[in-house]
Amino acid sequence: MDPVTAMYVAQGIHGLAYGMILFLIASGLNVIFGMMGVLNLAHAAFFMLSGYLGYQAVSLTGNFWAALLLAPIATALCGVLMERFLLGKVHAFGHLGELILTVGVAQIILAAVKGIWGTENLSLRMPPILEGQIALAGLNYPIYRLFIIGLALVVMAVMALLLYKTRLGKIVRAAVADAGMVNALGINVPLVFTLVFGVGIWMAGVAGVTIAPILTVFPGLADQVGNDAFLVVVTAGFGSLGGAFVVSIIFGLLSSYGIQFVSQFAPILVVAFTGLVLALRPHGLFGTREG
Amino acid sequence: MTGLLRPAAWLLLACALAALPLALGPYYTNVFVSFAIFAVFTASLNVLLSFTGLFSFGHAIFFGAGGYGTALALKHIPGLPLLPALLTGVLAAVVLALILCPVVARLSGTAFAMLHLAFAQVMYVIALKLRAVTGGEDGIGNFPIPPLTIPGVASLPMKDSPQNFYYFAIVVLGLSLWFMWHLTKTPFGQAQLAIRENAKRTAYLGYHVPQTKALAYVIAAAFAGVAGSIYGLFHNLVSADGALGAVVSFAPIINIMIGGIGSFFGAILGTAVFQLIEELVGRFTDKVELVMGLTFVAVILYAPGGVLGVVRALRQKWFAAPAENAAERRSA
């Protein structure tokens with residue numbers, strides 16, 4: 001295969017993998033926003049925290065799989081604590097209060113990881129089976145990126161099944177549509193909120209551990225990836241999961257081809273795309289309601 | 001206030017500000033200049049937040065534009081006088097706002113806030129990557145600072161003369177605050193408040209909502225540019241972290257929160273309180289993020305109305321007569 005095609009394919013795989021990571025973060029954000037009307041600005045910080053916890057787990061146990069299992073759960077517990085003890089108290093003050101509270105928590109997490117792990121880039125070794133590349137039809141595919149895509153698809157499939165095929169999923173979807181009415185039907189909506197919040201953070205946590213071997217873990221991780229994830233939600237439109245998926249893939253491809261062709265200004269492409277979409281459709285590509 | 005009292009109060013304030021460098025000494029004079037810069041920056045965000053209901057997580061882009069505009073102009077145009085350099089910074093911020101406002105004036109709420117967070121991040125990355133223009137991480141430093149020349153009257157050197165710079169900065173920043181304060185009293189200011197309260201109804205009344213928002217946005221950007229420009233001159237350094245970092249965007253929000261949203265003087269009071277907190281905490285730790293994060297969380301949990309909210313609540317509790325209290329409750 002000629003090198004130009006190989007480059008396009010390789011960057012395409014990178015872009016897809018990054019898009020999947022974005023979707024894992026953005027879908028949690030989006031469902032939380034849809035249900036509670038809270039844009040959780042600490043979401044990206046939890047994603048980063050999970051990366052650090054994953055690093056810690058790997059350096060303690062030497063096992064990547066243990067890290068992938070434990071770190072997101074520990075992170076989700078932190079998120080649930082925040083939801084129960086902090087976020088629940090500022091609902092009365094409206095959206096501004098929630099935004100500010102979550103920014104505050106994000107800053108505290110940032111300070112905490114800097115204090116505990118320092119400001120260096122920490123690298124997390126990927127498991128040996130996933131190193132290297134596999135050859136298929138004359139092209140080489142990096143196994144780890146394929147693993148990311150596969151893992152994200154599995155998580156998504158499980159979530160979709162939960163959301164659309166179970167009673168709990170029905171309750172969640174109903175609460176997204178009208179939380180007050182579901183509450184009136186005798187369902188403990190605050191408990192459902194907490195559960196959804198925890199699952200959303202868990203997904204961001206999975207993304208944090210899986211991306212760590214590629215990007216390394218550093219205090220700017222939350223800003224770098226998190227901003228893209230927030231923009232996915234804004235661009236897709238609040239409350240649209242399918243839209244978030246499409247926009248995540250677009251962003252992933254924009255970033256990877258952007259790095260290839262206009263390396264210095266790759267981050268601008270994504271924002272320019274968002275600006276363009278919002279200029280034409282202020283509610284986002286697939287959005288129907290105001291943020 | 002009666003006819004004489006008000007001018008007397010202004011005169012007293014002017015005298016106090018004029019005497020300040022003598023009373024405080026150089027270190028605290030500089031702290032005060034720093035406070036004045038952030039007071040203007042905070043007041044400029046307050047034009048959006050308290051008076052138009054637009055919440056921006058990236059107001060630093062205009063602060064940075066002002067700082068970089070002035071610094072670049074002074075570095076590359078030899079012999080540029082002080083006021084044109086200041087205006088260049090302001091103009092940079094205004095142009096940036098004019099470019100952005102067709103998009104942002106149609107947004108509100110969370111989308112507006114998030115898009116600005118992204119803009120700020122992009123500006124920050126550009127400032128780091130465009131090393132040839134912005135100096136990367138080191139920023140632009142040691143650019144010449146011209147004297148303030150009033151033709152035919154005097155030429156006041158600014159460099160190495162903190163006292164002269166203090167007077168210059170206080171006059172510029174004071175005028176900015178005065179202008180923004182008067183803006184709230186104009187019909188335009190009232191239209192802003194109407195948009196904050198109910199944008200749809202304001203549109204039905206015949207006001208152009210996006211245009212009014214855009215104008216408020218440009219004014220807010222211009223004064224953030226003033227603050228950024230003076231900041232650059234004050235430190236003789238403009239860097240990505242100092243002028244465009246996330247902390248720069250969050251600082252005015254936290255100031256407004258501490259003072260109490262919805263009030264012009266609350267924003268300035270909040271700036272003073274947070275400056276004090278930073279000054280005191282800065283002696284023990286350099287963890288800016290931790291201080292900011294904890295302040296955000298503490299204020300929103302325990303005093304969502306800020307200092308003014310607490311004062312109002314206490315006054316209600318202690319000083320209001322029971323009958324008056326009841327009457328107020330009935331009218332509320």
# chains A, B, ... in the order shown; residues from 1 in each chain; ligands from 1

$ residues_around --residues "Val172 of chain A" --least-positions-apart "6" --cutoff "8 Å" --atoms "only C-alpha atoms" --output "PyMOL selection string"
chain A and resi 35+163+192+196

$ write_last_selection --atoms "N, CA and C atoms" --output "mmCIF file, in the first residue's frame"
data_model
loop_
_atom_site.group_PDB
_atom_site.id
_atom_site.type_symbol
_atom_site.label_atom_id
_atom_site.label_comp_id
_atom_site.auth_asym_id
_atom_site.auth_seq_id
_atom_site.Cartn_x
_atom_site.Cartn_y
_atom_site.Cartn_z
ATOM 1 N N MET A 35 -30.951 15.306 32.141
ATOM 2 C CA MET A 35 -31.763 14.965 33.293
ATOM 3 C C MET A 35 -31.886 16.079 34.295
ATOM 4 N N LEU A 163 -30.430 1.700 28.597
ATOM 5 C CA LEU A 163 -31.273 2.886 28.461
ATOM 6 C C LEU A 163 -32.571 2.567 27.730
ATOM 7 N N VAL A 192 -32.296 8.375 41.319
ATOM 8 C CA VAL A 192 -32.000 8.098 39.910
ATOM 9 C C VAL A 192 -30.961 9.097 39.394
ATOM 10 N N VAL A 196 -27.411 8.135 37.736
ATOM 11 C CA VAL A 196 -27.014 8.564 36.399
ATOM 12 C C VAL A 196 -25.722 9.384 36.467
#

$ interface_residues --of "chain B" --to "chain A" --cutoff "10 Å" --atoms "only C-alpha atoms" --output "CSV table (one decimal) with C-alpha atoms, in the first residue's frame"
chain,number,residue,atom,x,y,z
B,55,PHE,CA,-22.2,34.4,31.7
B,57,PHE,CA,-16.1,31.7,31.3
B,100,LEU,CA,-17.2,37.2,17.8
B,101,CYS,CA,-20.4,39.0,18.4
B,102,PRO,CA,-22.4,37.9,15.4
B,103,VAL,CA,-22.2,34.3,16.8
B,104,VAL,CA,-22.3,35.0,20.5
B,105,ALA,CA,-25.1,37.6,20.5
B,106,ARG,CA,-27.6,34.9,19.5
B,107,LEU,CA,-26.6,32.6,22.3
B,108,SER,CA,-27.3,32.7,26.0
B,109,GLY,CA,-26.9,30.6,29.1
B,110,THR,CA,-24.8,27.5,29.1
B,111,ALA,CA,-23.8,27.7,25.4
B,112,PHE,CA,-22.5,31.2,25.8
B,113,ALA,CA,-20.5,30.3,28.8
B,114,MET,CA,-19.1,27.1,27.3
B,115,LEU,CA,-18.2,28.7,23.9
B,117,LEU,CA,-14.4,28.7,27.8
B,118,ALA,CA,-13.3,27.2,24.4
B,119,PHE,CA,-12.4,30.6,22.9
B,121,GLN,CA,-8.5,27.9,25.6
B,122,VAL,CA,-7.9,28.5,21.9
B,123,MET,CA,-6.4,32.0,22.5
B,125,VAL,CA,-2.9,27.8,22.8
B,126,ILE,CA,-2.4,30.4,20.0
B,129,LYS,CA,2.3,28.3,19.8
B,130,LEU,CA,2.8,31.6,17.9
B,246,ALA,CA,-8.2,30.0,32.9
B,247,VAL,CA,-7.4,31.6,36.3
B,250,PHE,CA,-12.3,32.8,36.6
B,253,ILE,CA,-16.4,35.6,38.2
B,254,ILE,CA,-15.2,34.9,41.7
B,257,MET,CA,-19.7,36.1,43.3
B,287,LYS,CA,-1.8,27.0,45.2
B,288,VAL,CA,-4.0,29.5,43.4
B,289,GLU,CA,-6.3,26.9,42.0
B,290,LEU,CA,-7.0,25.5,45.5
B,291,VAL,CA,-7.8,28.9,46.9
B,292,MET,CA,-10.1,29.7,44.0
B,293,GLY,CA,-11.8,26.4,44.0
B,294,LEU,CA,-12.5,26.5,47.7
B,295,THR,CA,-13.7,30.1,47.5
B,296,PHE,CA,-16.1,29.2,44.7
B,297,VAL,CA,-17.5,26.2,46.6
B,298,ALA,CA,-17.7,28.0,49.9
B,299,VAL,CA,-19.4,31.2,48.5
B,300,ILE,CA,-22.0,29.3,46.5
B,301,LEU,CA,-22.8,26.9,49.3
B,302,TYR,CA,-22.9,29.3,52.3
B,304,PRO,CA,-24.8,32.7,47.4
B,305,GLY,CA,-25.7,36.4,47.6

$ residues_around --residues "segment 260-272 of chain B" --least-positions-apart "5" --cutoff "6 Å" --atoms "only C-alpha atoms" --output "PyMOL selection string"
chain B and resi 39+50+255+305-306+308

$ closest_residue --among "B:Val40, B:Leu5, B:Ala71, B:Ala303" --to "Val172 of chain B" --atoms "only C-alpha atoms"
B:Val40

$ atom_distance --atom1 "atom CA of Leu45 of chain B" --atom2 "atom CA of Val31 of chain B"
21.1 Å

$ closest_residue --among "B:Asn236, B:Gly3, B:Gly242, B:Leu54" --to "Ala199 of chain B" --atoms "only C-alpha atoms"
B:Leu54

$ select_by_dssp --residues "segment 155-310 of chain B" --states "strand (DSSP E)" --output "VMD selection string"
chain B and resid 155 to 156 237 to 238

$ write_last_selection --atoms "C-alpha atoms" --output "JSON list (two decimals), in the first residue's frame"
[["chain", "number", "residue", "atom", "x", "y", "z"],
["B", 155, "SER", "CA", 5.96, 64.99, 30.02],
["B", 156, "LEU", "CA", 5.65, 62.56, 32.89],
["B", 237, "LEU", "CA", 5.13, 41.89, 30.77],
["B", 238, "VAL", "CA", 2.29, 40.10, 29.01]]

$ atom_distance --atom1 "atom CA of Met156 of chain A" --atom2 "atom CA of Glu83 of chain A"
23.2 Å

$ closest_residue --among "B:Val209, B:Leu215, B:Leu13, B:Leu96" --to "Ile61 of chain B" --atoms "only C-alpha atoms"
B:Leu96

$ atom_distance --atom1 "atom CA of Leu16 of chain A" --atom2 "atom CA of Gly54 of chain A"
22.7 Å

$ residues_around --residues "Ala127 of chain B" --least-positions-apart "6" --cutoff "9 Å" --atoms "only C-alpha atoms" --output "list in words"
Val133, Thr134, Gly135, Gly136, Glu137, Gly139, Ser239, Ala240 and Leu244 of chain B

$ residues_around --residues "Phe223 of chain B" --least-positions-apart "2" --cutoff "7 Å" --atoms "only C-alpha atoms" --output "list in words"
Val40, Phe41, Ser44, Ser176, Ile219, Ala220, Ala221, Gly225, Val226 and Ala227 of chain B

$ residues_around --residues "Phe286 of chain A" --least-positions-apart "6" --cutoff "7 Å" --atoms "only C-alpha atoms" --output "list of chain:residue names"
A:Ala236, A:Gly237, A:Ser240, A:Gly243

$ write_last_selection --atoms "C-alpha atoms" --output "PDB file, in the first residue's frame"
ATOM      1  CA  ALA A 236     -24.429  18.605  18.972  1.00  0.00           C
ATOM      2  CA  GLY A 237     -27.095  20.378  20.949  1.00  0.00           C
ATOM      3  CA  SER A 240     -28.997  14.757  21.844  1.00  0.00           C
ATOM      4  CA  GLY A 243     -25.840  13.981  17.778  1.00  0.00           C
TER       5      GLY A 243
END

$ closest_residue --among "B:Tyr166, B:Phe32, B:Phe51, B:Tyr68" --to "Ala191 of chain B" --atoms "only C-alpha atoms"
B:Phe51
